[in-house]
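> Just one file: upload08.txt, with compact mmCIF, C-alpha atoms.
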# COMPACT_ATOMS: atom_id res chain seq x y z
CA MET J 113 -19.64 -36.07 -28.35
CA SER J 114 -19.48 -38.67 -25.56
CA THR J 115 -15.91 -39.49 -26.61
CA LEU J 116 -14.95 -35.83 -26.16
CA LYS J 117 -16.55 -35.74 -22.72
CA VAL J 118 -14.56 -38.81 -21.68
CA LEU J 119 -11.39 -37.18 -23.04
CA ILE J 120 -12.00 -33.99 -21.01
CA PHE J 121 -12.63 -36.09 -17.91
CA LEU J 122 -9.32 -37.89 -18.46
CA LEU J 123 -7.56 -34.53 -18.90
CA ALA J 124 -8.88 -33.43 -15.51
CA LEU J 125 -8.02 -36.79 -13.95
CA PHE J 126 -4.39 -36.56 -15.07
CA ARG J 127 -4.05 -33.01 -13.69
CA SER J 128 -3.99 -31.12 -16.94
CA PRO J 129 -3.89 -27.31 -16.58
CA LEU J 130 -7.17 -25.96 -15.25
CA PHE J 131 -7.64 -23.47 -18.11
CA LEU J 132 -7.38 -26.35 -20.61
CA VAL J 133 -10.14 -28.34 -18.91
CA ILE J 134 -12.44 -25.31 -18.44
CA GLY J 135 -11.80 -24.06 -21.98
CA ALA J 136 -12.53 -27.48 -23.47
CA LEU J 137 -15.77 -27.69 -21.50
CA ALA J 138 -16.78 -24.22 -22.68
CA LEU J 139 -16.12 -25.05 -26.35
CA LEU J 140 -17.91 -28.38 -26.09
CA SER J 141 -20.90 -26.79 -24.34
CA PHE J 142 -21.27 -24.08 -26.98
CA TYR J 143 -20.90 -26.60 -29.80
CA SER J 144 -23.54 -28.91 -28.32
CA ALA J 145 -25.94 -25.93 -28.02
CA ASP J 146 -25.32 -24.88 -31.66
CA ILE J 147 -23.70 -21.60 -30.55
CA ASP J 148 -20.77 -20.24 -32.55
CA VAL J 149 -17.59 -21.05 -30.61
CA SER J 150 -16.13 -17.68 -31.60
CA VAL J 151 -17.96 -16.23 -28.55
CA VAL J 152 -15.16 -17.71 -26.42
CA VAL J 153 -12.60 -15.57 -28.27
CA ILE J 154 -14.92 -12.55 -28.02
CA GLU J 155 -15.18 -13.09 -24.25
CA MET J 156 -11.40 -13.23 -23.94
CA SER J 157 -11.08 -9.98 -25.92
CA ARG J 158 -13.73 -8.31 -23.75
CA LEU J 159 -11.96 -9.44 -20.59
CA ALA J 160 -8.60 -8.08 -21.80
CA ASP J 161 -10.21 -4.63 -22.17
CA THR J 162 -11.45 -4.59 -18.56
CA PRO J 163 -9.77 -1.56 -16.90
CA LEU J 164 -9.68 -3.12 -13.43
CA LEU J 165 -7.70 -6.09 -14.72
CA VAL J 166 -4.70 -3.82 -15.32
CA SER J 167 -4.12 -3.59 -11.57
CA LEU J 168 -3.59 -7.36 -11.15
CA PRO J 169 -0.19 -7.76 -12.90
CA LEU J 170 1.12 -4.58 -11.28
CA PHE J 171 0.22 -5.69 -7.74
CA ILE J 172 1.62 -9.17 -8.47
CA PHE J 173 4.89 -7.58 -9.62
CA ALA J 174 5.08 -5.39 -6.50
CA GLY J 175 4.39 -8.38 -4.22
CA ILE J 176 7.04 -10.58 -5.82
CA LEU J 177 9.58 -7.75 -5.63
CA LEU J 178 8.93 -7.48 -1.89
CA SER J 179 9.18 -11.25 -1.39
CA GLU J 180 12.44 -11.49 -3.36
CA GLY J 181 14.08 -8.72 -1.32
CA LYS J 182 14.70 -8.37 2.39
CA ALA J 183 11.46 -6.56 3.18
CA PRO J 184 10.12 -9.42 5.41
CA ALA J 185 13.22 -9.29 7.63
CA ARG J 186 13.02 -5.50 7.91
CA MET J 187 9.31 -5.63 8.78
CA LEU J 188 9.99 -8.24 11.47
CA GLN J 189 12.82 -6.20 13.00
CA PHE J 190 10.74 -3.03 13.02
CA SER J 191 7.76 -4.76 14.65
CA GLN J 192 9.93 -6.38 17.32
CA ILE J 193 11.24 -2.98 18.39
CA PHE J 194 7.78 -1.51 18.94
CA LEU J 195 5.75 -4.58 20.03
CA GLY J 196 8.39 -6.89 21.46
CA TRP J 197 7.65 -5.73 25.02
CA LEU J 198 4.19 -7.40 25.05
CA PRO J 199 3.93 -10.85 26.74
CA GLY J 200 2.79 -12.29 23.39
CA GLY J 201 4.41 -9.53 21.37
CA LEU J 202 6.33 -11.66 18.89
CA ALA J 203 3.22 -13.72 18.09
CA VAL J 204 1.25 -10.52 17.44
CA ILE J 205 4.13 -9.29 15.29
CA SER J 206 4.03 -12.54 13.31
CA LEU J 207 0.31 -12.07 12.64
CA ILE J 208 0.78 -8.48 11.45
CA VAL J 209 3.79 -9.22 9.25
CA CYS J 210 2.10 -12.27 7.66
CA ALA J 211 -1.10 -10.28 7.02
CA VAL J 212 0.75 -7.37 5.41
CA PHE J 213 2.90 -9.66 3.32
CA THR J 214 -0.04 -11.79 2.10
CA ALA J 215 -2.04 -8.64 1.26
CA PHE J 216 0.70 -7.60 -1.17
CA THR J 217 1.66 -11.02 -2.56
CA GLY J 218 -1.86 -12.49 -2.66
CA ALA J 219 -0.51 -15.99 -2.00
CA SER J 220 -0.33 -17.76 1.34
CA GLY J 221 2.30 -20.18 0.05
CA VAL J 222 4.70 -17.31 -0.61
CA THR J 223 4.12 -16.02 2.92
CA ILE J 224 4.76 -19.38 4.58
CA PHE J 225 7.95 -19.99 2.61
CA ALA J 226 9.26 -16.41 2.81
CA LEU J 227 8.48 -15.80 6.49
CA GLY J 228 8.33 -19.30 7.98
CA GLY J 229 12.10 -19.64 8.10
CA LEU J 230 12.37 -16.27 9.88
CA LEU J 231 9.42 -16.52 12.26
CA LEU J 232 9.58 -20.10 13.55
CA PRO J 233 13.14 -19.90 14.98
CA ALA J 234 12.37 -16.44 16.41
CA LEU J 235 9.21 -17.72 18.17
CA LEU J 236 10.99 -20.80 19.55
CA ASN J 237 13.92 -18.69 20.81
CA ASP J 238 11.40 -16.39 22.51
CA GLY J 239 10.00 -19.31 24.53
CA TYR J 240 6.87 -20.15 22.53
CA ASP J 241 5.63 -23.73 22.29
CA GLU J 242 6.58 -25.37 18.98
CA HIS J 243 3.04 -26.53 18.15
CA PHE J 244 1.65 -23.07 18.92
CA SER J 245 4.31 -21.46 16.72
CA MET J 246 3.70 -23.76 13.75
CA GLY J 247 -0.08 -23.34 14.09
CA LEU J 248 0.25 -19.57 14.25
CA ILE J 249 2.35 -19.31 11.08
CA THR J 250 0.24 -21.84 9.17
CA SER J 251 -3.03 -20.14 10.09
CA SER J 252 -1.81 -16.61 9.44
CA GLY J 253 -0.27 -17.54 6.08
CA SER J 254 -3.48 -16.44 4.34
CA LEU J 255 -4.58 -13.84 6.89
CA GLY J 256 -4.09 -10.81 4.65
CA LEU J 257 -6.49 -11.84 1.87
CA LEU J 258 -9.13 -9.40 3.13
CA PHE J 259 -6.80 -6.39 3.23
CA PRO J 260 -6.00 -4.13 0.24
CA PRO J 261 -4.43 -4.64 -2.26
CA SER J 262 -5.44 -8.31 -2.03
CA LEU J 263 -5.33 -9.94 -5.47
CA PRO J 264 -8.29 -12.27 -4.74
CA LEU J 265 -10.39 -9.21 -3.79
CA ILE J 266 -9.55 -7.60 -7.13
CA LEU J 267 -10.30 -10.83 -8.99
CA TYR J 268 -13.65 -11.20 -7.22
CA GLY J 269 -14.48 -7.62 -8.19
CA VAL J 270 -13.72 -8.37 -11.86
CA ILE J 271 -15.84 -11.55 -11.87
CA ALA J 272 -18.75 -10.10 -9.88
CA GLU J 273 -18.46 -6.69 -11.57
CA SER J 274 -18.29 -5.01 -8.16
CA ARG J 275 -16.37 -1.86 -7.24
CA ILE J 276 -12.82 -2.69 -6.17
CA ASP J 277 -12.56 0.30 -3.83
CA HIS J 278 -15.71 -0.85 -2.03
CA LEU J 279 -14.30 -4.36 -1.68
CA PHE J 280 -11.07 -2.94 -0.26
CA LEU J 281 -13.08 -1.03 2.36
CA ALA J 282 -15.39 -3.97 3.08
CA GLY J 283 -12.50 -6.27 3.98
CA ILE J 284 -10.79 -4.01 6.52
CA LEU J 285 -13.08 -4.49 9.56
CA PRO J 286 -13.62 -8.27 9.09
CA GLY J 287 -9.88 -8.74 8.58
CA THR J 288 -9.14 -6.63 11.67
CA LEU J 289 -11.60 -8.71 13.71
CA MET J 290 -9.70 -11.85 12.73
CA MET J 291 -6.44 -10.22 13.73
CA ILE J 292 -7.82 -9.13 17.12
CA LEU J 293 -9.16 -12.59 18.03
CA LEU J 294 -5.95 -14.34 17.01
CA ALA J 295 -3.81 -11.68 18.72
CA GLY J 296 -5.85 -12.09 21.92
CA TYR J 297 -5.19 -15.83 21.88
CA ALA J 298 -1.50 -15.19 21.18
CA LEU J 299 -1.27 -12.82 24.17
CA VAL J 300 -2.82 -15.47 26.42
CA LYS J 301 -0.46 -18.19 25.15
CA GLY J 302 2.67 -16.01 25.16
CA PRO J 303 5.52 -16.90 27.54
CA ARG J 304 5.28 -14.95 30.78
CA GLU J 305 8.86 -15.17 31.95
CA ARG J 306 11.67 -14.48 29.55
CA VAL J 307 14.62 -12.17 29.20
CA ARG J 308 13.55 -9.06 27.33
CA LYS J 309 16.04 -7.04 25.37
CA GLN J 310 16.12 -3.42 26.44
CA ILE J 311 15.27 -1.13 23.54
CA ASN J 312 17.08 2.20 23.50
CA ARG J 313 16.69 5.32 21.40
CA LYS J 314 19.33 4.11 18.95
CA ASP J 315 17.39 0.88 18.28
CA VAL J 316 14.16 2.79 17.69
CA LEU J 317 15.77 5.23 15.26
CA GLY J 318 17.56 2.37 13.49
CA GLY J 319 14.30 0.42 13.10
CA ILE J 320 12.50 3.44 11.67
CA ARG J 321 15.39 4.15 9.33
CA GLU J 322 15.42 0.56 8.04
CA THR J 323 11.70 0.49 7.21
CA ALA J 324 11.25 4.18 6.39
CA TRP J 325 10.69 3.36 2.73
CA GLU J 326 8.23 0.48 3.25
CA LEU J 327 6.06 2.22 5.88
CA PRO J 328 4.42 4.70 3.44
CA LEU J 329 3.16 1.90 1.16
CA PRO J 330 -0.27 1.36 2.81
CA PHE J 331 -0.80 5.13 3.03
CA ILE J 332 0.11 5.62 -0.64
CA LEU J 333 -2.28 2.86 -1.66
CA ILE J 334 -5.28 3.47 0.61
CA GLY J 335 -4.85 7.24 0.88
CA GLY J 336 -4.46 7.57 -2.88
CA ILE J 337 -7.66 5.64 -3.64
CA TYR J 338 -9.92 7.02 -0.92
CA GLY J 339 -8.47 10.51 -1.12
CA GLY J 340 -9.80 10.64 -4.66
CA ILE J 341 -6.31 11.05 -6.11
CA LEU J 342 -5.97 7.62 -7.76
CA VAL J 343 -8.26 4.96 -9.18
CA PRO J 344 -7.27 1.33 -8.32
CA SER J 345 -5.37 0.76 -11.57
CA GLU J 346 -3.39 3.99 -11.07
CA ALA J 347 -2.72 3.06 -7.44
CA ALA J 348 -1.37 -0.29 -8.65
CA ALA J 349 1.00 1.46 -11.09
CA VAL J 350 2.23 3.88 -8.41
CA THR J 351 2.72 1.03 -5.91
CA ALA J 352 4.66 -1.10 -8.41
CA LEU J 353 6.89 1.82 -9.45
CA TYR J 354 7.50 2.85 -5.83
CA VAL J 355 8.45 -0.71 -4.74
CA LEU J 356 10.69 -1.12 -7.80
CA LEU J 357 12.61 2.10 -7.11
CA VAL J 358 12.98 1.32 -3.40
CA GLU J 359 14.18 -2.28 -3.89
CA LEU J 360 16.43 -1.38 -6.82
CA PHE J 361 18.03 1.91 -5.81
CA VAL J 362 17.45 2.46 -2.07
CA HIS J 363 17.85 -0.94 -0.38
CA ARG J 364 19.47 -2.56 -3.43
CA ASP J 365 18.00 -5.94 -2.53
CA ILE J 366 17.20 -6.48 -6.21
CA THR J 367 19.74 -6.10 -9.00
CA PHE J 368 19.09 -5.25 -12.65
CA ALA J 369 20.19 -8.78 -13.54
CA GLN J 370 17.37 -10.23 -11.40
CA LEU J 371 14.62 -8.07 -12.92
CA PRO J 372 13.94 -10.19 -16.04
CA ARG J 373 13.46 -13.30 -13.88
CA ILE J 374 11.13 -11.45 -11.47
CA MET J 375 9.13 -9.94 -14.33
CA SER J 376 8.83 -13.35 -15.96
CA LYS J 377 7.69 -14.93 -12.71
CA SER J 378 5.09 -12.19 -12.22
CA MET J 379 3.71 -12.44 -15.74
CA VAL J 380 3.55 -16.24 -15.66
CA LEU J 381 1.39 -16.01 -12.54
CA PHE J 382 -0.80 -13.32 -14.08
CA GLY J 383 -1.00 -15.19 -17.39
CA GLY J 384 -2.26 -18.29 -15.62
CA ILE J 385 -4.92 -16.27 -13.81
CA LEU J 386 -5.96 -14.46 -17.01
CA VAL J 387 -6.33 -17.62 -19.12
CA ILE J 388 -8.27 -19.44 -16.38
CA LEU J 389 -10.49 -16.39 -15.92
CA ALA J 390 -11.15 -16.03 -19.65
CA ALA J 391 -12.04 -19.70 -20.07
CA SER J 392 -14.21 -19.61 -16.98
CA MET J 393 -16.08 -16.47 -18.07
CA ALA J 394 -16.83 -18.13 -21.40
CA SER J 395 -18.24 -21.16 -19.54
CA THR J 396 -20.23 -18.81 -17.31
CA ASN J 397 -21.88 -17.22 -20.35
CA TYR J 398 -23.02 -20.65 -21.48
CA LEU J 399 -24.43 -21.43 -18.02
CA ILE J 400 -26.31 -18.13 -17.98
CA ASP J 401 -27.66 -18.73 -21.51
CA GLN J 402 -28.93 -22.10 -20.35
CA GLN J 403 -30.43 -20.48 -17.20
CA VAL J 404 -28.44 -22.81 -14.93
CA PRO J 405 -28.10 -20.29 -12.01
CA SER J 406 -31.85 -19.53 -12.01
CA LYS J 407 -32.69 -23.24 -12.12
CA LEU J 408 -30.29 -23.87 -9.24
CA PHE J 409 -31.87 -21.04 -7.30
CA GLU J 410 -35.35 -22.47 -7.81
CA PHE J 411 -34.15 -25.92 -6.75
CA ILE J 412 -32.42 -24.62 -3.60
CA GLN J 413 -35.35 -22.35 -2.75
CA SER J 414 -37.71 -25.33 -2.79
CA TYR J 415 -35.76 -26.74 0.17
CA ILE J 416 -34.36 -23.60 1.83
CA ASP J 417 -36.55 -20.53 2.26
CA SER J 418 -34.40 -18.70 4.83
CA LYS J 419 -31.50 -16.45 3.94
CA TYR J 420 -29.69 -17.49 7.12
CA SER J 421 -30.01 -21.20 6.38
CA PHE J 422 -28.68 -20.53 2.89
CA LEU J 423 -25.68 -18.68 4.36
CA LEU J 424 -24.97 -21.58 6.71
CA LEU J 425 -24.96 -24.12 3.85
CA LEU J 426 -22.93 -21.70 1.72
CA ASN J 427 -20.25 -21.51 4.41
CA ILE J 428 -20.02 -25.29 4.69
CA PHE J 429 -19.78 -25.62 0.91
CA LEU J 430 -17.13 -22.89 0.57
CA LEU J 431 -15.00 -24.32 3.39
CA ILE J 432 -14.87 -27.61 1.49
CA VAL J 433 -14.07 -25.77 -1.76
CA GLY J 434 -11.37 -23.71 -0.03
CA ALA J 435 -9.71 -26.84 1.33
CA MET J 436 -9.62 -28.52 -2.10
CA LEU J 437 -9.08 -25.75 -4.67
CA ASP J 438 -6.59 -22.94 -5.15
CA ILE J 439 -8.24 -19.62 -4.30
CA PHE J 440 -8.01 -18.24 -7.86
CA ALA J 441 -9.51 -21.41 -9.34
CA ALA J 442 -12.27 -21.38 -6.70
CA LEU J 443 -13.13 -17.76 -7.51
CA VAL J 444 -13.45 -18.21 -11.25
CA LEU J 445 -15.33 -21.50 -10.98
CA ILE J 446 -17.75 -20.88 -8.10
CA VAL J 447 -18.51 -17.13 -7.98
CA PRO J 448 -20.48 -17.01 -11.27
CA LEU J 449 -22.75 -19.81 -10.04
CA ILE J 450 -23.16 -18.63 -6.45
CA LEU J 451 -23.58 -14.89 -7.08
CA PRO J 452 -27.06 -14.96 -8.74
CA ILE J 453 -28.34 -17.41 -6.11
CA ALA J 454 -27.01 -15.26 -3.24
CA ILE J 455 -28.58 -12.12 -4.75
CA GLY J 456 -31.85 -14.05 -4.94
CA TYR J 457 -31.66 -14.55 -1.18
CA GLY J 458 -30.94 -10.85 -0.64
CA VAL J 459 -27.19 -11.14 0.02
CA ASP J 460 -25.27 -8.04 -1.09
CA PRO J 461 -22.51 -8.90 -3.65
CA ILE J 462 -19.88 -6.98 -1.65
CA HIS J 463 -20.81 -8.84 1.55
CA LEU J 464 -20.80 -12.12 -0.41
CA GLY J 465 -17.25 -11.37 -1.57
CA ILE J 466 -16.04 -10.99 2.01
CA ILE J 467 -17.85 -14.20 3.08
CA PHE J 468 -16.39 -15.98 0.06
CA LEU J 469 -12.78 -14.95 0.71
CA THR J 470 -13.07 -15.57 4.46
CA ASN J 471 -14.16 -19.14 3.78
CA LEU J 472 -11.42 -19.75 1.24
CA GLN J 473 -8.87 -18.25 3.62
CA ILE J 474 -9.97 -20.62 6.40
CA GLY J 475 -10.18 -23.52 3.94
CA TYR J 476 -6.43 -23.17 3.33
CA CYS J 477 -5.75 -24.46 6.85
CA THR J 478 -8.72 -26.84 7.21
CA PRO J 479 -7.83 -30.56 7.63
CA PRO J 480 -7.41 -32.92 5.95
CA VAL J 481 -6.38 -31.31 2.64
CA GLY J 482 -5.94 -27.57 3.29
CA LEU J 483 -3.10 -26.26 1.12
CA ASN J 484 -1.36 -24.34 3.93
CA LEU J 485 -1.09 -27.53 5.98
CA PHE J 486 0.90 -29.27 3.26
CA LEU J 487 3.05 -26.21 2.57
CA ALA J 488 3.85 -25.79 6.26
CA SER J 489 4.53 -29.52 6.65
CA TYR J 490 7.07 -29.27 3.82
CA ARG J 491 8.57 -25.97 5.06
CA PHE J 492 8.93 -27.03 8.71
CA GLU J 493 9.74 -30.70 7.91
CA ARG J 494 7.01 -31.99 10.23
CA PRO J 495 4.36 -34.70 9.69
CA ILE J 496 1.08 -33.36 8.33
CA THR J 497 -0.81 -34.84 11.32
CA GLU J 498 1.30 -32.66 13.62
CA LEU J 499 0.19 -29.59 11.66
CA TYR J 500 -3.46 -30.69 12.00
CA ARG J 501 -3.13 -30.62 15.79
CA SER J 502 -1.19 -27.35 15.81
CA THR J 503 -3.74 -25.39 13.78
CA LEU J 504 -6.96 -26.56 15.53
CA PRO J 505 -7.16 -23.74 18.15
CA PHE J 506 -6.55 -21.09 15.48
CA LEU J 507 -9.06 -22.77 13.17
CA GLY J 508 -11.68 -22.59 15.92
CA LEU J 509 -11.14 -18.84 16.34
CA LEU J 510 -11.28 -18.27 12.59
CA LEU J 511 -14.58 -20.15 12.39
CA VAL J 512 -16.00 -17.95 15.15
CA THR J 513 -14.97 -14.92 13.11
CA LEU J 514 -16.59 -16.41 10.01
CA VAL J 515 -19.93 -16.72 11.82
CA ILE J 516 -19.73 -13.07 12.96
CA ILE J 517 -18.78 -11.83 9.47
CA THR J 518 -21.55 -13.87 7.84
CA TYR J 519 -24.41 -12.83 10.11
CA LEU J 520 -23.28 -9.27 10.80
CA PRO J 521 -23.12 -7.62 7.36
CA LEU J 522 -22.62 -4.24 9.04
CA LEU J 523 -18.94 -5.19 9.44
CA SER J 524 -18.57 -5.26 5.66
CA SER J 525 -20.68 -2.20 4.90
CA LEU J 526 -19.79 0.23 7.72
CA LEU J 527 -16.67 1.78 6.15
CA ILE J 528 -18.33 1.91 2.73
CA SER J 529 -21.20 3.95 4.15
CA TYR J 530 -18.77 6.46 5.64
CA LEU J 531 -15.97 6.55 3.07
CA GLY J 532 -17.40 4.97 -0.10
What would the structure in this file look like if it were written as structure tokens?

Amino acid sequence: MSTLKVLIFLLALFRSPLFLVIGALALLSFYSADIDVSVVVIEMSRLADTPLLVSLPLFIFAGILLSEGKAPARMLQFSQIFLGWLPGGLAVISLIVCAVFTAFTGASGVTIFALGGLLLPALLNDGYDEHFSMGLITSSGSLGLLFPPSLPLILYGVIAESRIDHLFLAGILPGTLMMILLAGYALVKGPRERVRKQINRKDVLGGIRETAWELPLPFILIGGIYGGILVPSEAAAVTALYVLLVELFVHRDITFAQLPRIMSKSMVLFGGILVILAASMASTNYLIDQQVPSKLFEFIQSYIDSKYSFLLLLNIFLLIVGAMLDIFAALVLIVPLILPIAIGYGVDPIHLGIIFLTNLQIGYCTPPVGLNLFLASYRFERPITELYRSTLPFLGLLLVTLVIITYLPLLSSLLISYLG
């Protein structure tokens, strides 16, 4: 048994796939507790039958279709026409475009690589400071994780067995607060004196015409779910079909020859998430059987009796986790352990989900090992230490937002009480 434990440790040390390490731990744990290891297969089968899981591959497919086409460039052009007149207009545009794009792709790395090459030259040409521009793009690379149809929100809902439509609603106001604070800073830092292109009626009509097919997407998604017309899985199918038809037949950014590659890329990403999730859920069942969450809760409660102190320590812990782990890995590994403890302290699971994703979002750009920092360093060909300095002001504002979101649960529950 000890030999197997050493072997699993070596697998993790040499960066073996996460699902392999988690699955091996689950099998070993069940075997050591004299539990039939077939429960792992049963858990995988149960997970595959989860209705909400159907929406994940469809939203992934829609997001990758958008990223492979010219949708980012069209969104940027449209936003410049209507917001370019503001002193910090282009910076605000960058925030909005990054948030929308991340909400549909679910991955900050895709946003930085897809939009970084467009946004950085545009910001520099508009008179913005280089450090400000790099910090803005790096920080906003994961800004849309709280907005529907965010893949991490859906995944959290599956793991925590919470309603996806409630999570979609809960993330809107906290995500908007982040956008407002960052946009306010961008307006203050925007260049005051620059030559502004005069926008005429022809430009406005051209901008609307270019993005006329992408603009209805949020209304189809949100309106369909909260209008009672579609459930989340149906909304995912409609969104994927709509994006496919638009990119294939209207804009023709995607050809039939590219479809197999895009489908393969989408399913590989979903397959990785599914296998990690299945292995993790099997491990979670073992932990619950062994009463690990309740023992942890009793241990923590012996030192921390205040809900607010618990939330403070939870934020510190999750920021560290977010800086070191991929968001999908962090969700499947940490949520099952944290959720029962948080409920014990009276934290609503929906509110916990928003706190969780806000922390992981900020962790992406937290020095020294935040993933967005390394991606941006590679994309912009700048030293990582330069990215540290560039992101600090934005990081400070995001941390302020985190405190507000954590200690003002009304932000997460207000829309649910009116629309849920």
> Residues within 9 Å of Pro344 (chain J), please, as a list in words. Count only C-alpha atoms; anything in the same chain fewer than 4 positions from it doesn't count.
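Selected residues are Leu164, Ser167, Pro261, Ile276, Asp277, Leu333, Gly336, Ile337, Ala348 and Ala349 of chain J.
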> Which is closer to Ser245 (chain J) than all the others in J:Lys182, J:Arg275, J:Arg501, J:Arg364, using only C-alpha atoms?
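Result for the nearest residue to Ser245 (chain J): J:Arg501.
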> Skipping near chain neighbours, those fewer than 6 positions away, what residues fall within 8 Å of region 408-422 of chain J using only C-alpha atoms, listed as a count of residues only?
7
> What gap, in Å, lies between CA of Val270 (chain J) and CA of Tyr476 (chain J)?
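We find that CA of Val270 (chain J) and CA of Tyr476 (chain J) lie 22.4 Å from each other.
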> Skipping near chain neighbours, those fewer than 2 positions away, what residues fall within 7 Å of Leu255 (chain J) using only C-alpha atoms, listed as a PyMOL selection string?
chain J and resi 210-211+214+252-253+257+473
> Please determine, counting only C-alpha atoms, which residue among J:Lys301, J:His278, J:His363, J:Arg494 has the shortest atom-to-atom distance to Leu235 (chain J).
J:Lys301
> Write out, as CSV, each residue of region 268-385 of chain J that has an atom at most 12 Å from region 436-444 of chain J, together with the closest pair of atoms and their distance in Å to one decimal, counting all atoms listed in the file, rows going by chain and rising number.

residue,atom,partner,partner_atom,distance
J:Tyr268,CA,J:Leu443,CA,6.6
J:Gly269,CA,J:Leu443,CA,10.3
J:Val270,CA,J:Val444,CA,9.9
J:Ile271,CA,J:Val444,CA,7.1
J:Ala272,CA,J:Val444,CA,9.8
J:Leu381,CA,J:Phe440,CA,10.7
J:Phe382,CA,J:Phe440,CA,10.7
J:Gly384,CA,J:Phe440,CA,9.7
J:Ile385,CA,J:Phe440,CA,7.0
> Once you count all atoms listed in the file, which residues end up no further than 12 Å from (11.7, 0.0, -9.9) in the file's frame, shown as number ranges by chain?
J: 170, 173-174, 177-178, 349-368, 370-371, 374-375
> Kindly indicate which residue among J:Pro372, J:Gly340, J:Pro264, J:Pro184 lies nearest to Leu227 (chain J), using all atoms listed in the file for the distances.
J:Pro184
> List as a PyMOL selection string: which residues have an atom within 9 Å of (-7.4, -4.2, 3.7), counting only C-alpha atoms?
chain J and resi 212+215+256-262+279-285+287-288+334
> What does the structure give for the distance between CA of Pro169 (chain J) and CA of Pro330 (chain J), in Å to one decimal?
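Separation between CA of Pro169 (chain J) and CA of Pro330 (chain J): 18.2 Å.
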> Could you check how far CA of Phe213 (chain J) sits from CA of Leu188 (chain J), in Å to one decimal?
10.9 Å
> I'd like to know which of J:Leu165, J:Ile466, J:Met379, J:Ala347 is closest to Leu329 (chain J), using all atoms listed in the file.
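So, comparing all the options, the nearest one is J:Ala347.
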